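Heads up, run22.tsv below (TSV, C-alpha atoms):
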```tsv
chain	number	residue	atom	x	y	z
V	1	GLN	CA	59.43	20.08	11.77
V	2	LEU	CA	55.69	19.70	12.27
V	3	SER	CA	53.10	22.22	11.12
V	4	HIS	CA	49.97	23.53	12.79
V	5	THR	CA	48.42	24.50	9.40
V	6	GLN	CA	45.04	22.93	8.69
V	7	GLY	CA	45.28	20.43	5.80
V	8	SER	CA	48.93	19.49	6.44
V	9	ILE	CA	49.86	15.82	6.19
V	10	LEU	CA	52.36	14.08	8.45
V	11	TYR	CA	54.91	11.80	6.74
V	12	ARG	CA	58.27	10.21	7.52
V	13	ASP	CA	61.28	11.16	5.40
V	14	ALA	CA	64.66	9.37	5.61
V	15	SER	CA	65.41	10.65	9.10
V	16	GLU	CA	62.45	12.35	10.80
V	17	TRP	CA	58.74	13.14	10.80
V	18	LYS	CA	57.76	16.11	8.64
V	19	ALA	CA	54.63	17.93	7.52
V	20	LEU	CA	53.61	18.27	3.88
V	21	ALA	CA	51.88	21.65	3.50
V	22	PRO	CA	48.37	21.78	2.00
V	23	CYS	CA	48.13	21.78	-1.78
V	24	SER	CA	46.09	23.67	-4.32
V	25	SER	CA	42.48	22.57	-4.68
V	26	GLY	CA	42.03	19.52	-6.92
V	27	GLN	CA	45.51	18.05	-6.54
V	28	ALA	CA	46.07	14.53	-5.24
V	29	LEU	CA	48.62	13.02	-2.89
V	30	VAL	CA	51.13	11.11	-5.01
V	31	THR	CA	53.54	8.57	-3.55
V	32	GLY	CA	57.15	8.53	-4.68
V	33	GLY	CA	57.48	4.86	-3.76
V	34	THR	CA	60.01	3.32	-1.39
V	35	GLY	CA	62.82	5.74	-0.52
V	36	ALA	CA	61.00	8.87	-1.74
V	37	ASN	CA	58.75	11.42	-0.09
V	38	PRO	CA	55.08	11.97	-0.99
V	39	SER	CA	54.11	15.11	-2.88
V	40	TRP	CA	51.10	16.82	-4.38
V	41	GLY	CA	50.41	16.24	-8.05
V	42	SER	CA	47.98	15.26	-10.75
V	43	THR	CA	46.60	11.76	-11.21
V	44	GLY	CA	45.80	12.43	-14.86
V	45	ALA	CA	42.49	13.05	-16.57
V	46	TYR	CA	39.74	10.49	-16.17
V	47	THR	CA	37.82	10.52	-19.43
V	48	PHE	CA	34.82	8.35	-20.14
V	49	PHE	CA	31.71	7.91	-22.26
V	50	TRP	CA	28.49	6.45	-20.83
V	51	ALA	CA	25.42	5.74	-22.96
V	52	GLN	CA	22.26	3.61	-22.87
V	53	ASP	CA	19.38	2.32	-24.94
V	54	GLN	CA	16.48	4.01	-23.15
V	55	LYS	CA	12.81	3.67	-24.01
V	56	PRO	CA	9.78	5.38	-22.44
V	57	ASN	CA	8.21	3.72	-19.39
V	58	ASN	CA	6.47	0.40	-20.15
V	59	THR	CA	7.90	0.19	-23.70
V	60	ASN	CA	9.50	-3.05	-24.92
V	61	GLY	CA	13.05	-3.26	-26.26
V	62	GLN	CA	13.91	-3.65	-29.91
V	63	SER	CA	13.14	-6.85	-31.84
V	64	LEU	CA	16.03	-9.20	-32.60
V	65	ALA	CA	15.83	-11.22	-35.82
V	66	THR	CA	17.56	-14.48	-36.75
V	67	ALA	CA	20.18	-14.84	-39.49
V	68	THR	CA	21.39	-11.23	-39.20
V	69	ASP	CA	23.70	-9.02	-37.19
V	70	ASN	CA	21.18	-7.05	-35.11
V	71	VAL	CA	22.63	-3.60	-34.45
V	72	ARG	CA	21.71	-2.83	-30.86
V	73	GLU	CA	20.06	0.51	-30.26
V	74	ILE	CA	22.00	3.12	-28.29
V	75	ASN	CA	20.12	6.42	-28.09
V	76	THR	CA	21.00	8.31	-24.91
V	77	VAL	CA	24.41	9.74	-23.93
V	78	LEU	CA	24.60	10.27	-20.18
V	79	VAL	CA	28.22	11.48	-19.94
V	80	ASN	CA	30.85	12.15	-22.60
V	81	ASN	CA	34.08	13.93	-21.79
V	82	ILE	CA	36.24	12.13	-24.39
V	83	SER	CA	37.24	14.68	-27.01
V	84	GLY	CA	36.23	13.49	-30.49
V	85	MET	CA	33.88	10.70	-29.31
V	86	SER	CA	30.25	10.87	-30.41
V	87	LEU	CA	27.09	8.80	-30.86
V	88	VAL	CA	25.02	9.00	-34.06
V	89	SER	CA	22.43	6.45	-35.26
V	90	ASN	CA	23.56	3.68	-32.85
V	91	GLN	CA	27.19	4.10	-33.90
V	92	ILE	CA	29.98	5.38	-31.66
V	93	THR	CA	32.86	7.31	-33.21
V	94	PHE	CA	36.10	6.58	-31.31
V	95	PRO	CA	39.16	8.80	-31.71
V	96	ALA	CA	42.49	6.94	-31.83
V	97	GLY	CA	43.46	5.56	-28.43
V	98	THR	CA	43.24	2.69	-25.94
V	99	TYR	CA	39.86	1.99	-24.34
V	100	ASN	CA	38.35	-0.23	-21.68
V	101	ILE	CA	34.79	-1.24	-22.59
V	102	ALA	CA	32.06	-2.54	-20.27
V	103	CYS	CA	28.66	-3.18	-21.84
V	104	THR	CA	25.63	-5.10	-20.60
V	105	MET	CA	22.48	-5.67	-22.61
V	106	SER	CA	19.21	-7.34	-21.75
V	107	CYS	CA	17.70	-10.00	-24.01
V	108	GLU	CA	14.78	-12.41	-23.94
V	109	ALA	CA	14.68	-16.04	-25.12
V	110	THR	CA	17.22	-15.66	-27.93
V	111	GLY	CA	18.35	-19.28	-28.14
V	112	GLY	CA	22.05	-19.26	-29.01
V	113	THR	CA	23.45	-15.74	-28.97
V	114	ARG	CA	26.61	-13.67	-28.97
V	115	ALA	CA	27.35	-9.93	-29.00
V	116	PHE	CA	30.15	-8.07	-30.81
V	117	LEU	CA	31.76	-4.65	-30.74
V	118	TRP	CA	31.61	-4.40	-34.51
V	119	ASN	CA	33.41	-2.31	-37.14
V	120	PRO	CA	30.82	-1.92	-39.94
V	121	THR	CA	33.42	-0.44	-42.32
V	122	THR	CA	35.76	-3.45	-42.23
V	123	SER	CA	33.16	-6.06	-41.12
V	124	THR	CA	35.36	-7.15	-38.22
V	125	ALA	CA	34.71	-7.72	-34.53
V	126	GLN	CA	36.80	-5.69	-32.10
V	127	LEU	CA	35.44	-7.54	-29.03
V	128	LEU	CA	33.35	-10.70	-28.58
V	129	SER	CA	31.05	-11.71	-25.73
V	130	VAL	CA	30.92	-15.26	-24.46
V	131	ASN	CA	28.51	-17.63	-26.20
V	132	ALA	CA	25.15	-17.96	-24.46
V	133	ASN	CA	22.02	-20.05	-24.99
V	134	PHE	CA	18.67	-19.01	-23.49
V	135	SER	CA	15.37	-20.59	-24.45
V	136	GLY	CA	11.74	-20.46	-23.35
V	137	THR	CA	10.84	-17.22	-21.65
V	138	GLN	CA	14.20	-16.60	-20.01
V	139	VAL	CA	15.31	-12.98	-19.69
V	140	TYR	CA	19.00	-12.36	-19.10
V	141	GLN	CA	21.87	-9.91	-19.43
V	142	LEU	CA	24.70	-10.48	-21.87
V	143	ALA	CA	28.07	-8.85	-21.06
V	144	LEU	CA	30.58	-7.51	-23.58
V	145	GLN	CA	33.81	-6.30	-22.08
V	146	GLY	CA	37.49	-5.90	-22.78
V	147	GLN	CA	40.14	-3.54	-24.06
V	148	ILE	CA	40.67	-2.25	-27.60
V	149	VAL	CA	43.45	-0.22	-29.23
V	150	LEU	CA	42.54	1.94	-32.23
V	151	ALA	CA	45.27	3.53	-34.39
V	152	THR	CA	42.86	5.88	-36.17
V	153	THR	CA	39.39	7.36	-35.68
V	154	THR	CA	36.98	4.41	-35.97
V	155	VAL	CA	33.19	4.01	-36.03
V	156	LEU	CA	31.94	1.01	-34.02
V	157	GLU	CA	28.55	-0.42	-33.04
V	158	ILE	CA	27.19	-3.20	-30.85
V	159	ALA	CA	25.78	-6.11	-32.85
V	160	GLN	CA	24.09	-9.29	-31.62
V	161	VAL	CA	23.27	-12.56	-33.38
V	162	VAL	CA	20.45	-14.80	-32.15
V	163	SER	CA	19.25	-18.25	-33.21
V	164	ALA	CA	15.63	-17.55	-32.22
V	165	ALA	CA	13.71	-14.37	-33.00
V	166	SER	CA	13.28	-12.49	-29.75
V	167	SER	CA	13.54	-9.04	-28.18
V	168	ALA	CA	15.82	-6.96	-26.03
V	169	GLY	CA	13.30	-7.40	-23.21
V	170	ALA	CA	9.91	-6.23	-22.00
V	171	GLY	CA	9.09	-2.93	-20.35
V	172	ILE	CA	8.46	-3.30	-16.61
V	173	ASN	CA	6.37	-0.17	-15.90
V	174	THR	CA	8.28	1.33	-12.96
V	175	GLY	CA	7.44	4.92	-13.85
V	176	ASN	CA	10.98	5.48	-15.18
V	177	ASN	CA	12.60	5.01	-18.57
V	178	GLU	CA	13.28	1.40	-19.55
V	179	VAL	CA	16.99	0.58	-20.10
V	180	PHE	CA	17.95	-2.30	-22.41
V	181	LEU	CA	21.67	-1.61	-22.97
V	182	ASP	CA	24.30	0.16	-20.86
V	183	ILE	CA	27.79	0.91	-22.19
V	184	PHE	CA	30.66	2.51	-20.27
V	185	ILE	CA	33.87	3.35	-22.14
V	186	THR	CA	37.03	4.63	-20.44
V	187	LYS	CA	39.89	6.12	-22.48
V	188	ILE	CA	43.12	5.08	-20.80
V	189	ALA	CA	45.68	6.24	-23.39
```
Target encoding structure tokens, full file:
Amino acid sequence: QLSHTQGSILYRDASEWKALAPCSSGQALVTGGTGANPSWGSTGAYTFFWAQDQKPNNTNGQSLATATDNVREINTVLVNNISGMSLVSNQITFPAGTYNIACTMSCEATGGTRAFLWNPTTSTAQLLSVNANFSGTQVYQLALQGQIVLATTTVLEIAQVVSAASSAGAGINTGNNEVFLDIFITKIA
């Protein structure tokens, strides 16, 4: 039987066309798969953390030295709705869980370089970027991405090694804050 109620959705059950009545605000249409009817339900919470290394307009990025793990600066949290996650002194505290990480960082003429999602307590890398080699005056973005699983609360930071002293990039004077690193973390379990 069809409905004339605004917000109803037409679907086919095993034998005839039917109307699914409107749901409560904020619910999503969830499929039951082959042989089942659709229904209203929850898609689960989408929790994420988004932070950047921001500097005032026309300010250069941090210096990167050779023969050391340069801890990349992260100083501005844009969104954080992951309970227990925080940023203090360039270090991110992760509660136990499974996370997808997507991070890009700008760099300038670093020679050979690689970035790490680094555990300073155990001196181990949780994620590694690809190797890169940029010389002269080349400016580029290095990507660090992947998935990590943490059994306990863990403090992590972004570190970068370079074979030539360089910087995270030059300010470009657009009238807005300069951004030299962007990290987006999604908690999936």
Exercise. Pick from V:Phe180, V:Trp17, V:Phe49, V:Phe134: nearest to Gly111 of chain V, with all atoms listed in the file counted?
Worked result: V:Phe134
Exercise. Which value, in Å to one decimal, gives the distance between atom CA of Gly136 of chain V and atom CA of Glu178 of chain V?
Worked result: 22.2 Å
Problem set entry | Proximity to Ala28 of chain V - best of V:Thr154, V:Gly41, V:Gly61, V:Asn75, all atoms listed in the file | V:Gly41
List as a PDB file with C-alpha atoms, keeping the file's coordinate frame the protein and nucleic acid residues near Ile158 of chain V, meaning an atom at most 6 Å away when all atoms listed in the file are counted, but skip any in the same chain fewer than 2 places from it.
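Wrote it out as selection16.pdb, contents follow:
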```
ATOM      1  CA  VAL V  71      22.630  -3.600 -34.450  1.00  0.00           C
ATOM      2  CA  ARG V  72      21.710  -2.830 -30.860  1.00  0.00           C
ATOM      3  CA  PHE V 116      30.150  -8.070 -30.810  1.00  0.00           C
ATOM      4  CA  LEU V 117      31.760  -4.650 -30.740  1.00  0.00           C
ATOM      5  CA  TRP V 118      31.610  -4.400 -34.510  1.00  0.00           C
TER       6      TRP V 118
END
```
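Distances to Glu16 of chain V were evaluated for V:Thr153, V:Asn173, V:Asn37, V:Ser83 using all atoms listed in the file, and the minimum falls at V:Asn37.
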Exercise. So which one's closest to Leu181 of chain V, V:Gly169, V:Pro95, V:Pro120, V:Gly33? Using only C-alpha atoms, please.
Worked result: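 With only C-alpha atoms as the atom set, the closest residue is V:Gly169.
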Contacts of Thr122 of chain V at 12 Å (all atoms listed in the file; same-chain gap of 3+ positions) as a PDB file with C-alpha atoms, keeping the file's coordinate frame:
```pdb
ATOM      1  CA  TRP V 118      31.610  -4.400 -34.510  1.00  0.00           C
ATOM      2  CA  ASN V 119      33.410  -2.310 -37.140  1.00  0.00           C
ATOM      3  CA  ALA V 125      34.710  -7.720 -34.530  1.00  0.00           C
ATOM      4  CA  GLN V 126      36.800  -5.690 -32.100  1.00  0.00           C
ATOM      5  CA  THR V 154      36.980   4.410 -35.970  1.00  0.00           C
ATOM      6  CA  VAL V 155      33.190   4.010 -36.030  1.00  0.00           C
ATOM      7  CA  LEU V 156      31.940   1.010 -34.020  1.00  0.00           C
TER       8      LEU V 156
END
```
Problem set entry | Selected residue, from V:Ala21, V:Gln147, V:Gln6, V:Lys187, that lies nearest to Gly97 of chain V when counting all atoms listed in the file | V:Lys187
For this session: Mind checking which residues fall within 6 Å of Gly112 of chain V, counting only C-alpha atoms, ignoring those fewer than 2 positions away in the same chain, and posting them as a ChimeraX atom specification?
Result: /V:132-133,162-163
For this session: Would you mind reading off the distance between atom CA of Thr124 of chain V and atom CA of Ala109 of chain V, one decimal, in Å?
Result: 26.0 Å
Problem set entry | Gap from atom CA of Ala67 of chain V to atom CA of Ala164 of chain V - Å, one decimal |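 Those two atoms sit 9.0 Å apart.
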